[in-house]
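*Asks:* Coordinates in protein09.csv, CSV, C-alpha atoms, are listed below.
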```csv
chain,number,residue,atom,x,y,z
Q,1,ASN,CA,-89.0,29.6,-77.6
Q,2,MET,CA,-89.7,31.0,-74.2
Q,3,LEU,CA,-87.0,33.6,-74.6
Q,4,LEU,CA,-88.4,34.6,-78.0
Q,5,HIS,CA,-91.8,35.2,-76.4
Q,6,GLY,CA,-90.5,37.6,-73.8
Q,7,ILE,CA,-89.8,35.3,-70.8
Q,8,GLU,CA,-86.4,36.7,-69.8
Q,9,ASN,CA,-85.4,34.2,-67.2
Q,10,PRO,CA,-87.1,30.9,-67.9
Q,11,ASP,CA,-86.3,27.9,-65.6
Q,12,ILE,CA,-85.4,25.3,-68.2
Q,13,GLN,CA,-84.4,21.9,-67.1
Q,14,HIS,CA,-83.1,19.2,-69.4
Q,15,ARG,CA,-84.7,15.9,-68.4
Q,16,ASP,CA,-87.3,13.3,-69.4
Q,17,SER,CA,-90.5,14.7,-68.0
Q,18,LEU,CA,-92.2,11.2,-68.0
Q,19,SER,CA,-89.4,9.6,-66.0
Q,20,GLN,CA,-89.5,8.7,-62.3
Q,21,GLN,CA,-87.2,11.6,-61.5
Q,22,ALA,CA,-89.9,14.1,-62.4
Q,23,GLY,CA,-92.3,13.0,-59.7
Q,24,HIS,CA,-91.3,15.7,-57.1
Q,25,ASP,CA,-93.2,18.4,-59.0
Q,26,GLU,CA,-96.7,17.0,-58.2
Q,27,ASP,CA,-99.3,19.6,-57.2
Q,28,ARG,CA,-96.9,22.4,-57.9
Q,29,TYR,CA,-98.2,24.4,-60.9
Q,30,SER,CA,-101.3,26.7,-61.3
Q,31,LEU,CA,-101.0,26.9,-65.1
Q,32,ILE,CA,-99.6,24.6,-67.8
Q,33,LEU,CA,-99.4,25.6,-71.5
Q,34,ALA,CA,-98.0,22.7,-73.5
Q,35,ASN,CA,-97.5,21.2,-76.9
Q,36,PRO,CA,-96.0,17.8,-75.9
Q,37,PRO,CA,-94.5,15.4,-78.4
Q,38,PHE,CA,-96.8,12.9,-80.2
Q,39,ALA,CA,-95.6,9.4,-80.8
Q,40,GLY,CA,-92.2,10.3,-79.5
Q,41,SER,CA,-89.6,7.8,-78.6
Q,42,LEU,CA,-90.3,6.3,-75.2
Q,43,ASP,CA,-88.1,4.3,-72.8
Q,44,TYR,CA,-91.0,2.4,-71.2
Q,45,GLU,CA,-88.7,1.0,-68.4
Q,46,GLN,CA,-87.9,4.6,-67.3
Q,47,VAL,CA,-91.5,5.9,-67.3
Q,48,SER,CA,-92.7,7.0,-63.8
Q,49,LYS,CA,-94.4,4.0,-62.2
Q,50,ASP,CA,-97.0,6.4,-60.7
Q,51,LEU,CA,-98.0,7.6,-64.2
Q,52,LEU,CA,-98.3,4.0,-65.4
Q,53,LYS,CA,-100.6,3.3,-62.4
Q,54,ASP,CA,-102.8,6.1,-63.6
Q,55,LEU,CA,-102.7,5.1,-67.3
Q,56,LYS,CA,-101.0,2.0,-68.6
Q,57,THR,CA,-100.0,3.0,-72.1
Q,58,LYS,CA,-97.0,3.7,-74.4
Q,59,LYS,CA,-98.8,6.7,-76.0
Q,60,THR,CA,-96.8,9.7,-75.1
Q,61,GLU,CA,-99.6,12.1,-75.7
Q,62,LEU,CA,-101.8,10.3,-73.1
Q,63,LEU,CA,-99.0,10.0,-70.6
Q,64,PHE,CA,-98.3,13.7,-70.8
Q,65,LEU,CA,-101.9,14.5,-70.1
Q,66,ALA,CA,-101.8,12.2,-67.1
Q,67,LEU,CA,-98.6,14.0,-66.0
Q,68,PHE,CA,-100.1,17.4,-66.3
Q,69,LEU,CA,-103.0,16.4,-64.1
Q,70,ARG,CA,-100.4,15.3,-61.5
Q,71,LEU,CA,-98.4,18.5,-61.8
Q,72,LEU,CA,-101.3,20.9,-61.5
Q,73,LYS,CA,-102.5,22.2,-58.1
Q,74,PRO,CA,-106.2,21.7,-57.3
Q,75,GLY,CA,-107.8,24.5,-59.3
Q,76,GLY,CA,-104.9,24.7,-61.7
Q,77,ARG,CA,-105.6,25.1,-65.4
Q,78,ALA,CA,-104.1,23.7,-68.6
Q,79,ALA,CA,-104.3,24.3,-72.3
Q,80,VAL,CA,-102.7,21.3,-74.2
Q,81,VAL,CA,-102.3,20.6,-77.9
Q,82,VAL,CA,-103.1,16.9,-78.6
Q,83,PRO,CA,-103.5,14.8,-81.7
Q,84,ASP,CA,-107.0,13.9,-82.8
Q,85,GLY,CA,-106.4,10.3,-81.5
Q,86,VAL,CA,-106.9,11.6,-77.9
Q,87,LEU,CA,-110.4,12.7,-78.8
Q,88,PHE,CA,-111.4,9.6,-80.8
Q,89,GLY,CA,-109.1,6.8,-79.9
Q,90,SER,CA,-110.8,3.5,-78.9
Q,91,SER,CA,-108.2,1.9,-76.7
Q,92,ALA,CA,-108.8,1.4,-73.0
Q,93,ALA,CA,-106.2,4.1,-72.2
Q,94,HIS,CA,-107.8,6.6,-74.5
Q,95,LYS,CA,-111.2,6.0,-72.9
Q,96,LYS,CA,-109.9,6.1,-69.4
Q,97,LEU,CA,-108.1,9.4,-70.0
Q,98,ARG,CA,-111.2,11.0,-71.5
Q,99,ARG,CA,-113.4,9.7,-68.7
Q,100,THR,CA,-110.9,11.1,-66.1
Q,101,LEU,CA,-111.0,14.6,-67.7
Q,102,VAL,CA,-114.8,14.7,-68.0
Q,103,GLU,CA,-115.9,12.9,-64.8
Q,104,ASP,CA,-113.0,13.7,-62.3
Q,105,HIS,CA,-112.1,17.2,-63.5
Q,106,HIS,CA,-113.5,20.1,-65.5
Q,107,LEU,CA,-113.0,19.8,-69.3
Q,108,ALA,CA,-113.9,23.4,-70.3
Q,109,ALA,CA,-113.3,23.4,-74.1
Q,110,VAL,CA,-112.0,21.6,-77.1
Q,111,VAL,CA,-110.7,23.7,-80.0
Q,112,LYS,CA,-110.3,21.5,-83.1
Q,113,LEU,CA,-107.4,22.7,-85.4
Q,114,PRO,CA,-107.1,22.2,-89.1
Q,115,SER,CA,-104.5,19.6,-90.1
Q,116,GLY,CA,-102.1,22.1,-91.7
Q,117,VAL,CA,-101.4,24.4,-88.8
Q,118,PHE,CA,-98.1,22.8,-88.0
Q,119,LYS,CA,-96.8,22.5,-91.5
Q,120,PRO,CA,-94.2,22.3,-92.9
Q,121,TYR,CA,-93.1,20.3,-89.8
Q,122,ALA,CA,-96.1,18.0,-89.4
Q,123,GLY,CA,-99.5,17.5,-91.0
Q,124,VAL,CA,-101.2,15.7,-88.1
Q,125,SER,CA,-104.7,16.8,-87.1
Q,126,THR,CA,-104.8,18.3,-83.6
Q,127,ALA,CA,-106.9,20.0,-81.0
Q,128,ILE,CA,-106.4,22.1,-77.9
Q,129,LEU,CA,-107.9,20.8,-74.7
Q,130,PHE,CA,-108.7,23.4,-72.0
Q,131,PHE,CA,-109.2,21.8,-68.5
Q,132,THR,CA,-109.0,22.5,-64.8
Q,133,LYS,CA,-107.9,20.1,-62.2
Q,134,THR,CA,-110.6,19.7,-59.6
Q,135,GLY,CA,-110.6,16.1,-58.5
Q,136,VAL,CA,-114.4,16.3,-58.0
Q,137,GLY,CA,-115.6,16.7,-61.5
Q,138,GLY,CA,-117.4,19.8,-62.8
Q,139,THR,CA,-117.9,19.1,-66.5
Q,140,ASP,CA,-121.5,19.9,-67.3
Q,141,GLU,CA,-120.9,21.2,-70.8
Q,142,VAL,CA,-117.9,21.2,-73.1
Q,143,TRP,CA,-117.4,24.3,-75.4
Q,144,PHE,CA,-116.3,23.2,-78.9
Q,145,TYR,CA,-115.0,25.1,-81.8
Q,146,ASP,CA,-113.9,23.6,-85.2
Q,147,VAL,CA,-111.3,25.9,-86.6
Q,148,LYS,CA,-111.3,25.9,-90.4
Q,149,ALA,CA,-108.8,28.8,-91.0
Q,150,ASP,CA,-106.1,30.6,-89.0
Q,151,GLY,CA,-105.2,33.4,-91.4
Q,152,MET,CA,-102.5,31.4,-93.2
Q,153,SER,CA,-102.5,28.8,-96.0
Q,154,LEU,CA,-102.6,25.3,-94.7
Q,155,ASP,CA,-99.8,24.0,-97.0
Q,156,ASP,CA,-96.1,23.9,-96.5
Q,157,LYS,CA,-95.7,27.6,-97.4
Q,158,ARG,CA,-98.1,28.9,-94.7
Q,159,ALA,CA,-98.6,32.2,-96.5
Q,160,ILE,CA,-100.6,34.9,-94.8
Q,161,LEU,CA,-104.0,35.2,-96.5
Q,162,VAL,CA,-105.3,38.4,-94.9
Q,163,PRO,CA,-104.0,42.0,-94.7
Q,164,GLU,CA,-101.6,42.5,-91.8
Q,165,ASP,CA,-104.1,44.5,-89.7
Q,166,GLN,CA,-106.6,41.5,-90.0
Q,167,PHE,CA,-104.1,38.9,-89.0
Q,168,GLY,CA,-103.9,37.0,-85.7
Q,169,ALA,CA,-106.4,36.4,-82.9
Q,170,VAL,CA,-106.5,40.2,-82.0
Q,171,PRO,CA,-106.1,42.1,-85.2
Q,172,SER,CA,-104.7,45.7,-85.0
Q,173,ALA,CA,-107.8,47.0,-86.8
Q,174,ASP,CA,-111.5,46.3,-86.5
Q,175,PHE,CA,-112.0,42.9,-87.9
Q,176,VAL,CA,-113.8,42.7,-91.2
Q,177,VAL,CA,-116.4,39.9,-91.1
Q,178,ALA,CA,-115.7,39.0,-94.7
Q,179,ASN,CA,-112.3,37.8,-93.6
Q,180,HIS,CA,-113.7,35.2,-91.3
Q,181,GLU,CA,-113.5,32.5,-93.9
Q,182,LYS,CA,-109.7,33.1,-93.9
Q,183,ASN,CA,-109.2,33.8,-90.2
Q,184,ASN,CA,-111.4,32.2,-87.6
Q,185,LEU,CA,-109.3,33.3,-84.6
Q,186,PRO,CA,-111.0,36.6,-83.7
Q,187,ASP,CA,-114.4,34.8,-83.8
Q,188,ILE,CA,-113.0,32.1,-81.4
Q,189,LEU,CA,-112.1,34.8,-78.8
Q,190,ARG,CA,-115.4,36.6,-79.3
Q,191,ARG,CA,-117.5,33.5,-78.8
Q,192,TRP,CA,-115.3,32.3,-75.9
Q,193,SER,CA,-115.6,35.7,-74.1
Q,194,GLN,CA,-119.4,35.6,-74.5
Q,195,ARG,CA,-119.9,32.0,-73.4
Q,196,ASN,CA,-120.5,32.9,-69.7
Q,197,THR,CA,-123.1,35.6,-70.7
Q,198,SER,CA,-124.9,32.9,-72.7
Q,199,GLU,CA,-124.8,30.5,-69.8
Q,200,LYS,CA,-126.1,33.1,-67.3
Q,201,THR,CA,-128.9,34.0,-69.8
Q,202,ARG,CA,-129.8,30.3,-70.1
Q,203,ALA,CA,-129.8,29.9,-66.3
Q,204,ARG,CA,-132.1,32.9,-65.8
Q,205,THR,CA,-134.4,31.4,-68.5
Q,206,ASP,CA,-134.4,28.0,-66.8
Q,207,GLN,CA,-135.2,29.6,-63.4
Q,208,SER,CA,-138.2,31.5,-64.9
Q,209,PHE,CA,-139.8,28.2,-65.7
Q,210,THR,CA,-139.3,26.7,-62.3
```
Take the structure I supplied and represent it as structure tokens, if you would.
*Replies:*
Amino acid sequence: NMLLHGIENPDIQHRDSLSQQAGHDEDRYSLILANPPFAGSLDYEQVSKDLLKDLKTKKTELLFLALFLRLLKPGGRAAVVVPDGVLFGSSAAHKKLRRTLVEDHHLAAVVKLPSGVFKPYAGVSTAILFFTKTGVGGTDEVWFYDVKADGMSLDDKRAILVPEDQFGAVPSADFVVANHEKNNLPDILRRWSQRNTSEKTRARTDQSFT
């Protein structure tokens, strides 16, 4: 997949990322983009003891998030695809993980995806978490976007629903607003890029009343 996306010399290592042997990469990376396995097979006896100290669970999606926090340098950023259970799960591990992201680090955004985006391979509902490792908190507000359409049908066929020049997050032609119901991706980027402007405007407004 990395080769197909233009990374000519990827450093690919065949190993169990959750095992004890992966511990030497702590505080090593400035950026992590990941779609880790959900409900994958797990050899609990081989899972890193350091990870289990952070989060005692057999849920691979939670363990991977705990791992990414260990792998990131302070100030390092991550964008991770997770199942909806990470957002709404009620177990002690789910709650601890969410508390860690919000109170100990900076959870910047949650982008909720429609359940068909990974068809025909899986129909699970997912979201993308965008966060920065700080160790000192920093989450004042969390930006949220509920994606309803990504330009393709949400069935097993995943047929493209918009003209080619209107497809993707950055269409090749000026995006037609009428196509928004079929492709939310350009709107996500537009709103994300404008979020800081809105925050600065709000801050100036707040200051004017002090």
*Asks:* Counting only C-alpha atoms, which of Q:Ala34, Q:Leu69, Q:Ala92, Q:Ala108 gets nearest to Val142 in chain Q?
*Replies:*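 Checking each candidate against Val142 in chain Q, we get Q:Ala108 as the closest.
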*Asks:* Hey, can you check how far CA of Asn184 in chain Q sits from CA of Ala169 in chain Q?
*Replies:*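 Interatomic distance, CA of Asn184 in chain Q to CA of Ala169 in chain Q: 8.0 Å.
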*Asks:* May I ask for the distance between CA of Asp54 in chain Q and CA of Ala122 in chain Q, given in Å to one decimal place?
*Replies:*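 We find that CA of Asp54 in chain Q and CA of Ala122 in chain Q lie 29.2 Å from each other.
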*Asks:* Any idea what's packed within 8 Å of Asn179 in chain Q, counting all atoms listed in the file, ignoring anything in its chain fewer than 3 positions away? Could you give it as a list in words?
*Replies:*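 After dropping sequence-adjacent residues, the list is Val162, Gln166, Phe175, Val176, Lys182 and Asn183 of chain Q.
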*Asks:* Of the residues Q:His180, Q:Lys119, Q:Lys56, Q:Arg98, which is the one nearest to Asp155 in chain Q, using all atoms listed in the file?
*Replies:* Q:Lys119
*Asks:* Find the residue from Q:Ser30, Q:Thr57, Q:Ser153, Q:Ser172 that sits nearest to Thr132 in chain Q; use only C-alpha atoms when measuring.
*Replies:*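 Closest to Thr132 in chain Q, using only C-alpha atoms: Q:Ser30.
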*Asks:* One decimal, Å: what's the distance from CA of Ala149 in chain Q over to CA of Val177 in chain Q, could you say?
*Replies:* 13.5 Å
*Asks:* My list of candidates is Q:Glu61, Q:Asp50, Q:Asp174, Q:Glu103. Which is closest to Pro83 in chain Q when distances are computed with only C-alpha atoms?
*Replies:*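 Smallest separation from Pro83 in chain Q among the options: Q:Glu61.
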*Asks:* Which polymer residues, protein or nucleic acid, are no farther than 9 Å from (-108.6, 14.0, -58.9), counting only C-alpha atoms, as an mmCIF file with C-alpha atoms, in the coordinates of the input?
*Replies:*
```
data_model
loop_
_atom_site.group_PDB
_atom_site.id
_atom_site.type_symbol
_atom_site.label_atom_id
_atom_site.label_comp_id
_atom_site.auth_asym_id
_atom_site.auth_seq_id
_atom_site.Cartn_x
_atom_site.Cartn_y
_atom_site.Cartn_z
ATOM 1 C CA LEU Q 69 -103.000 16.400 -64.100
ATOM 2 C CA ARG Q 70 -100.400 15.300 -61.500
ATOM 3 C CA PRO Q 74 -106.200 21.700 -57.300
ATOM 4 C CA THR Q 100 -110.900 11.100 -66.100
ATOM 5 C CA ASP Q 104 -113.000 13.700 -62.300
ATOM 6 C CA HIS Q 105 -112.100 17.200 -63.500
ATOM 7 C CA LYS Q 133 -107.900 20.100 -62.200
ATOM 8 C CA THR Q 134 -110.600 19.700 -59.600
ATOM 9 C CA GLY Q 135 -110.600 16.100 -58.500
ATOM 10 C CA VAL Q 136 -114.400 16.300 -58.000
ATOM 11 C CA GLY Q 137 -115.600 16.700 -61.500
#
```
*Asks:* So, with all atoms listed in the file as the atoms that count, which of Q:Gly6, Q:Pro171, Q:Gly76, Q:Gly89 lies closest to Leu33 in chain Q?
*Replies:*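 With all atoms listed in the file as the atom set, the closest residue is Q:Gly76.
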*Asks:* Around (-110.8, 11.1, -73.3) in the file's frame, which residues reach within 10 Å when counting all atoms listed in the file? Return as a list in words?
*Replies:*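 Checked against the point, the hits come out as Leu62, Gly85, Val86, Leu87, Phe88, Gly89, Ser90, Ala92, Ala93, His94, Lys95, Lys96, Leu97, Arg98, Arg99, Thr100, Leu101, Val102 and Leu107 of chain Q.
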